[in-house]
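To start, the structure under review is shown below, and the notes come after it.
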Amino acid sequence: MLRDITIGQYYNGKSFVHSLDPRCKIIALAVMMVLIFTAHGVVDYAFVTVLTCLFIALSRVPLSYIVKGMKPVWLIVVFTAIINIFMGSGEEVIFKAWVLSVTKEALFSAFGMMLRVILLVTVSTLLTLTTSPMVLTSGIERLLKPLEKIKFPSHEVAMMMSIALRFIPTLTEEAEKIMKAQAARGNDIEGGGFLKKVKGMIPLFVPLFVSAFRRADELAMAMECRCYQGGSNRTAFKRLEYKKCDTVAFLFMLTVVIITVIYRMVGFLL
Amino acid sequence: MLIELIDVSYTYENKAPHERRALNNVSFKVEKGEVWGIIGHTGSGKSTLTEIMSGLIKPSGGEVLLHGEDVSKLKNPMSKIKGKVGLVFQYPEHQLFEETVLKDICFGPSNLGLDEEECIKRAKEAMELVGLGEEYATLSPFELSGGEKRRVAIAGIIAMRPEILVLDEPTAGLDPVGRDMLFKMLGDIKGKLCESIVFVSHSMDDVALYADKVLVLNEGSVLMQGSVKEVFERSGELEAAGLDVPQVTRLLIRLNEMGHSFDKTLLTPEAAADAIYERLKG
Ligand SMILES: Nc1ncnc2c1ncn2[C@@H]1O[C@H](COP(=O)(O)OP(=O)(O)O)[C@@H](O)[C@H]1O
Ligand SMILES: [Mg+2]
């Protein structure tokens, strides 16, 4: 169950998206996020959806894998959608019961909200699915490099992020094991009221934190034993290099941005 | 019979469909008073089997009979099995969480709905059985040594007074002394609290010395099962599956190959040494 979470996991494969430079992908992700956030209206929605589908196709990650990874997000998505449907305002009432009424506008905005959350999660997941944590870190590090002028520890931050990503699957596995171990001692989090559920969490979280700290300690020790020293003047095992495909991807994203800007300008002016 | 598995299969849902099943038509039963050893390679399904026996996961196919009643189809098998089959996980010391050793051991019994007095009584009894003195009761479980933590964890299970105690690789990470102590402790527990014990092990020697019956798993299926003697007599088949036979058995087989005739079913080093000594003398 917990193991189904694919956010932050790497899907080993060979595809156009896999081979792209991480910097290129991070920037593309940022652009996509802005486009999705600011999307408004049927045409916008269709446009970003098509783009996202295109990226999924290019990444050759099975759709089922991505859908499965969305499981933990579904609850939030459905919840926000329901709130939107009933709380939204508008004229055209299409359904009314008791104090609740559903308007056409609210229905549309709820749909838009849902779509945008799903797309946002999908494109972000796609980045980690197609970029191994090591490569992702060096990409982030390079992008943050300019900030070093104002004493920003870009290497350390990137390292922390990659370690965090690396440990998501390990910790979920651990959490699952501890859940089972405590269930064997009769710990019951399924049944019972809210208070009982919270109480049932203590036996899960304490060992999980203990083990997370133990792991952190061991990792720090192992890194120190290998003379890890932090950021200054480190060279990379895998150097990042721009390739032809990165140029292609950049040009593509640029075109997308230009088209969007022109379309929205036109819509604004008319 | 205490617990019986009939044609039990299990497939992990999140596995790709083409991958083989974790368990395949496994049948075996544990009678009162028996000590079972389960052996097999890593990934052969040993842990999965222990989880099915203790009701943590439901089999995808087959039946699990507890005292003759099928518990595998119940909506919540734990409710029936709870406290009857006690499972000690691999590295059980990682599940400790309370402030004191005594409180941690009381966690299981209190989940059975017992009152505080009874919980403490059982916890103290369990502590004595695993060889933890009174002075440990108020210590934090996190400041104990690895071996002591493991004993606290085992005490936490036996304080629920299960009829069957199931242990998944209880000797993992222990040195030979720790291992001998653990098995001695299991002997005590079996005499006083639990009717039967099932333990998973990698070591044929441990199984030969401490178990009455053996279940050999290979890629999720039962390769053989029976008394220790019956199983280790078929050393050829075990070796063909890439599994060891106990060191004693290996020695006796070699001696037999060299033309001496020894009883190959002697299982303890002492018995084998005596037999060889007799031969040398006479
Ligand atoms: N939580 C899980 N999710 C998916 N597959 C699992 C899980 N646990 C075990 N498996 C798989 O099931 C098979 C049996 O595993 P397990 O019972 O742990 O074997 P053993 O304890 O003998 O090493 C292995 O192929 C393993 O990869
Ligand atoms: Mg195992």
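Every chain in the structure tokens has a letter given in the order shown (A, B, ...), and although residue numbers restart at 1 in each chain, ligands are simply numbered from 1 in the order shown.
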Check which residues of chain A sit at most 10 Å from chain B using only C-alpha atoms, and return one row each with the closest pair of atoms and their distance in Å to one decimal, ordered by chain and rising number, as JSON lines.
```
{"residue": "A:Met1", "atom": "CA", "partner": "B:Asn14", "partner_atom": "CA", "distance": 8.2}
{"residue": "A:Arg3", "atom": "CA", "partner": "B:Asn14", "partner_atom": "CA", "distance": 8.0}
{"residue": "A:Asp4", "atom": "CA", "partner": "B:Asn14", "partner_atom": "CA", "distance": 7.2}
{"residue": "A:Lys68", "atom": "CA", "partner": "B:Asn14", "partner_atom": "CA", "distance": 9.8}
{"residue": "A:Glu174", "atom": "CA", "partner": "B:His94", "partner_atom": "CA", "distance": 9.6}
{"residue": "A:Lys177", "atom": "CA", "partner": "B:Phe89", "partner_atom": "CA", "distance": 8.8}
{"residue": "A:Ile178", "atom": "CA", "partner": "B:Gln95", "partner_atom": "CA", "distance": 6.1}
{"residue": "A:Met179", "atom": "CA", "partner": "B:Gln95", "partner_atom": "CA", "distance": 9.0}
{"residue": "A:Lys180", "atom": "CA", "partner": "B:Leu56", "partner_atom": "CA", "distance": 6.8}
{"residue": "A:Ala181", "atom": "CA", "partner": "B:Phe89", "partner_atom": "CA", "distance": 6.4}
{"residue": "A:Gln182", "atom": "CA", "partner": "B:Gln95", "partner_atom": "CA", "distance": 7.0}
{"residue": "A:Ala183", "atom": "CA", "partner": "B:Leu56", "partner_atom": "CA", "distance": 7.3}
{"residue": "A:Ala184", "atom": "CA", "partner": "B:Leu87", "partner_atom": "CA", "distance": 6.1}
{"residue": "A:Arg185", "atom": "CA", "partner": "B:Gly108", "partner_atom": "CA", "distance": 4.7}
{"residue": "A:Gly186", "atom": "CA", "partner": "B:Asn111", "partner_atom": "CA", "distance": 5.3}
{"residue": "A:Asn187", "atom": "CA", "partner": "B:Asn111", "partner_atom": "CA", "distance": 6.5}
{"residue": "A:Asp188", "atom": "CA", "partner": "B:Asn111", "partner_atom": "CA", "distance": 8.3}
{"residue": "A:Ile202", "atom": "CA", "partner": "B:Phe97", "partner_atom": "CA", "distance": 8.0}
{"residue": "A:Pro203", "atom": "CA", "partner": "B:Phe97", "partner_atom": "CA", "distance": 5.9}
{"residue": "A:Leu204", "atom": "CA", "partner": "B:Gln95", "partner_atom": "CA", "distance": 8.0}
{"residue": "A:Phe205", "atom": "CA", "partner": "B:Phe97", "partner_atom": "CA", "distance": 8.5}
{"residue": "A:Val206", "atom": "CA", "partner": "B:Phe97", "partner_atom": "CA", "distance": 5.5}
{"residue": "A:Pro207", "atom": "CA", "partner": "B:Gln95", "partner_atom": "CA", "distance": 5.6}
{"residue": "A:Leu208", "atom": "CA", "partner": "B:Gln95", "partner_atom": "CA", "distance": 8.4}
{"residue": "A:Phe209", "atom": "CA", "partner": "B:Phe97", "partner_atom": "CA", "distance": 10.0}
{"residue": "A:Val210", "atom": "CA", "partner": "B:His94", "partner_atom": "CA", "distance": 8.3}
{"residue": "A:Ser211", "atom": "CA", "partner": "B:His94", "partner_atom": "CA", "distance": 7.3}
```
Output file for the selection above: C-alpha atoms, as a compact mmCIF listing (two decimals), in the first residue's frame:
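Dumped to part_30.txt:
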```
# COMPACT_ATOMS: atom_id res chain seq x y z
CA MET A 1 0.00 0.00 0.00
CA ARG A 3 4.97 1.04 -1.47
CA ASP A 4 2.70 2.22 -4.28
CA LYS A 68 -0.66 4.24 -9.32
CA GLU A 174 10.45 0.54 6.90
CA LYS A 177 7.41 -3.30 8.28
CA ILE A 178 6.83 -1.47 11.54
CA MET A 179 3.10 -1.30 10.85
CA LYS A 180 3.03 -5.05 10.48
CA ALA A 181 5.21 -5.63 13.50
CA GLN A 182 2.95 -3.53 15.71
CA ALA A 183 -0.16 -5.11 14.23
CA ALA A 184 1.31 -8.44 15.34
CA ARG A 185 1.24 -7.00 18.85
CA GLY A 186 -2.42 -6.15 18.44
CA ASN A 187 -2.04 -2.50 17.47
CA ASP A 188 -5.19 -1.59 15.59
CA ILE A 202 2.52 6.51 18.32
CA PRO A 203 3.86 2.96 18.13
CA LEU A 204 4.48 3.55 14.42
CA PHE A 205 6.10 6.96 14.51
CA VAL A 206 8.47 6.48 17.43
CA PRO A 207 10.31 3.49 15.90
CA LEU A 208 10.20 5.13 12.47
CA PHE A 209 11.87 8.29 13.76
CA VAL A 210 14.37 6.29 15.76
CA SER A 211 15.34 4.34 12.69
```
Using only C-alpha atoms and all ligand atoms, find each residue of chain B with at least one atom at most 9 Å away from an atom of ligand 1; report its shortest atom-to-atom pair and that distance in Å (one decimal), sort the rows by chain and rising residue number, and return the result as a Markdown table.
```
| residue | atom | partner | partner_atom_place_in_ligand_line | distance |
| --- | --- | --- | --- | --- |
| B:Tyr10 | CA | ligand 1 | 12 (O) | 8.6 |
| B:Thr11 | CA | ligand 1 | 12 (O) | 7.6 |
| B:Tyr12 | CA | ligand 1 | 4 (C) | 5.0 |
| B:Glu13 | CA | ligand 1 | 4 (C) | 7.2 |
| B:Asn14 | CA | ligand 1 | 4 (C) | 6.0 |
| B:Lys15 | CA | ligand 1 | 4 (C) | 5.7 |
| B:Glu19 | CA | ligand 1 | 25 (O) | 8.3 |
| B:Arg20 | CA | ligand 1 | 25 (O) | 7.6 |
| B:Arg21 | CA | ligand 1 | 12 (O) | 7.2 |
| B:Ala22 | CA | ligand 1 | 13 (C) | 4.2 |
| B:Leu23 | CA | ligand 1 | 14 (C) | 7.2 |
| B:Ile39 | CA | ligand 1 | 22 (O) | 8.0 |
| B:Gly40 | CA | ligand 1 | 22 (O) | 6.1 |
| B:His41 | CA | ligand 1 | 22 (O) | 5.9 |
| B:Thr42 | CA | ligand 1 | 23 (O) | 3.6 |
| B:Gly43 | CA | ligand 1 | 19 (O) | 3.4 |
| B:Ser44 | CA | ligand 1 | 22 (O) | 4.0 |
| B:Gly45 | CA | ligand 1 | 17 (O) | 3.2 |
| B:Lys46 | CA | ligand 1 | 22 (O) | 3.7 |
| B:Ser47 | CA | ligand 1 | 21 (O) | 3.6 |
| B:Thr48 | CA | ligand 1 | 17 (O) | 3.7 |
| B:Leu49 | CA | ligand 1 | 17 (O) | 6.4 |
| B:Thr50 | CA | ligand 1 | 17 (O) | 8.1 |
| B:Glu51 | CA | ligand 1 | 17 (O) | 8.5 |
| B:Asp168 | CA | ligand 1 | 21 (O) | 7.8 |
| B:Glu169 | CA | ligand 1 | 21 (O) | 8.5 |
| B:Val200 | CA | ligand 1 | 21 (O) | 8.3 |
| B:Leu217 | CA | ligand 1 | 22 (O) | 7.9 |
| B:Asn218 | CA | ligand 1 | 22 (O) | 8.6 |
| B:Glu219 | CA | ligand 1 | 14 (C) | 7.8 |
| B:Gly220 | CA | ligand 1 | 14 (C) | 6.9 |
```
Using DSSP assignments from the backbone, pull out every residue in range 27-244 of chain B that falls under alpha helix (DSSP H) and give it to me as a PyMOL selection string. chain B and resi 46-53+77-81+101-111+116-129+146-158+176-192+204-210+228-233+235-240
What's the 12 Å shell around Ala273 in chain B, counting only C-alpha atoms, without same-chain residues fewer than 6 positions away, as a list in words?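 What passes the distance filter is Val248, Thr249, Leu251, Leu252, Phe262, Asp263, Leu266, Leu267, Arg279 and Leu280 of chain B.
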Range 8-25 of chain A: which residues within 10 Å, counting only C-alpha atoms, same-chain residues fewer than 6 positions away excluded, as a PyMOL selection string? chain A and resi 31+55-62+65+69+124-133+135-143+162+164-169+240-250+253
I want to know what sits within 12 Å of Glu156 in chain A, based on only C-alpha atoms, with residues of the same chain fewer than 2 positions away left out; could you give that as a VMD selection string? chain A and resid 137 to 138 140 to 142 144 to 145 148 151 to 154 158 to 163 228 to 232 234
Hey, what's within 12 Å of Asp44 in chain A if we count only C-alpha atoms and toss same-chain stuff fewer than 5 positions away? As a ChimeraX atom specification, please? /A:35-39,49-51,112,115-116,256,259-261,263-264,267
Counting only C-alpha atoms and all ligand atoms, which residue out of B:His202, B:Lys103, B:Lys149, B:Lys121 sits closest to ligand 2?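 So, comparing all the options, the nearest one is B:His202.
Restricting the calculation to only C-alpha atoms and all ligand atoms, the smallest distance between ligand 2 and any of B:Gly131, B:Pro170, B:Gly147, B:Gly68 is found for B:Pro170.
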